[in-house]
Amino acid sequence: MVKIDISWPEEDDWLKWRKACEAEKKALKVQVREGNKPTVKDLYKKKQIKDKYYFGVDGLFNGKCAYCETFLRDFQRGDIEHFRPKLGVTDENDQPIEVDYGNGPEEHIGYYWMCYDKTNLLPSCVTCNQATKLKDYKIGKHNRFPVMGDYAIDESGIGKEQPLLINPIVDDPAKYIGLETEGRFRGFLKGLDGEDRGEMTIKILGLNLRDQLVERRQGKMNEVRAKLVALIMGVAPDAKEKIIRELTEMRNGKGEYSLAVVEVLREHQSLFMNL
């Protein structure tokens, strides 16, 4: 997982969609204010917007799952995932969260007012998003959203809420998650400095339990090191330029498993910068 820096589009289709989303948000708030349960429409995953901006390789997320960095279209169907769950909230063990809306404890009805919020919508692979069982562990985010302290029950509480999961649009995952580049656990992610957010994110999404992810992170590290060796050994000027351009694009988020690229290049930072 890496930080995703987004410049929000100005194209007409995006702006029209955002306007419709704002209208639906207002409608949801009216429903709840009138004592009804929020009824969410699937506008948040409009096909044209999803395919172009969320899943496209030239879109906002480079065609990758925002969590595990796997290309979505090559390997599996993707979802538009709500970082803060839209309807219903559970803890890290998938047990319903109870809050007080003013009439005593009741189950959290979800962050319905953020259902169409652009900072709350992330492209996700099915495994990261949907609940499943792997190696006797439940993985997949689904409605799980553990926080430290109190849960927000309306817009005013969001600024005070302390999520234990990482949103790569809002947060910088590099503060919380690192990568083992050598030794027995090479390719495994690790929480940094005892940060609960890193460990919790790795655990809930199963980022170390999924062998394929670990192997692909290892393969990406091998690829980067092979390119660096080629540069050291000496290649033709046009080939050198091509390799440096590829490494720069990989470091900046193009292609899968950018964290693996970043970690290897950090180890050889002086070499890469000199090149």
# chains A, B, ... in the order shown; residues from 1 in each chain; ligands from 1

call {"tool": "closest_atom_pairs", "arguments": {"of": "segment 137-241 of chain A", "to": "segment 79-94 of chain A", "cutoff": "6 Å", "atoms": "only C-alpha atoms", "output": "CSV"}}
result
residue,atom,partner,partner_atom,distance
A:Asn143,CA,A:Val89,CA,5.2
A:Arg144,CA,A:Thr90,CA,4.6
A:Phe145,CA,A:Asp91,CA,5.6
A:Pro146,CA,A:Asp91,CA,4.8

call {"tool": "residues_around", "arguments": {"residues": "Glu107 of chain A", "least_positions_apart": "5", "cutoff": "9 Å", "atoms": "only C-alpha atoms", "output": "VMD selection string"}}
result
chain A and resid 88 to 89 96 to 100

call {"tool": "residues_around", "arguments": {"residues": "segment 60-67 of chain A", "least_positions_apart": "4", "cutoff": "9 Å", "atoms": "only C-alpha atoms", "output": "PyMOL selection string"}}
result
chain A and resi 1-2+4-9+52-56+71-73+78-79+122-125+128+166-169+201+205+207+253-256

call {"tool": "closest_residue", "arguments": {"among": "A:Ser156, A:Thr119, A:Ser258, A:Thr132", "to": "Lys220 of chain A", "atoms": "only C-alpha atoms"}}
result
A:Ser258

call {"tool": "atom_distance", "arguments": {"atom1": "atom CA of Gly234 of chain A", "atom2": "atom CA of Glu263 of chain A"}}
result
23.1 Å

call {"tool": "select_by_dssp", "arguments": {"residues": "segment 15-193 of chain A", "states": "helix (DSSP H, G or I)", "output": "VMD selection string"}}
result
chain A and resid 15 to 33 42 to 45 47 to 54 72 to 75 112 to 114 118 to 120 126 to 129 155 to 160 173 to 175

call {"tool": "select_by_dssp", "arguments": {"residues": "segment 23-104 of chain A", "states": "strand (DSSP E)", "output": "list in words"}}
result
Gly78, Asp79, Ile80, Glu81, His82, Glu98, Val99 and Asp100 of chain A

call {"tool": "residues_around", "arguments": {"residues": "Val147 of chain A", "least_positions_apart": "3", "cutoff": "7 Å", "atoms": "only C-alpha atoms", "output": "PyMOL selection string"}}
result
chain A and resi 151+162-164

call {"tool": "atom_distance", "arguments": {"atom1": "atom CA of Lys37 of chain A", "atom2": "atom CA of Gly110 of chain A"}}
result
10.2 Å

call {"tool": "atom_distance", "arguments": {"atom1": "atom CA of Leu28 of chain A", "atom2": "atom CA of Tyr111 of chain A"}}
result
10.7 Å
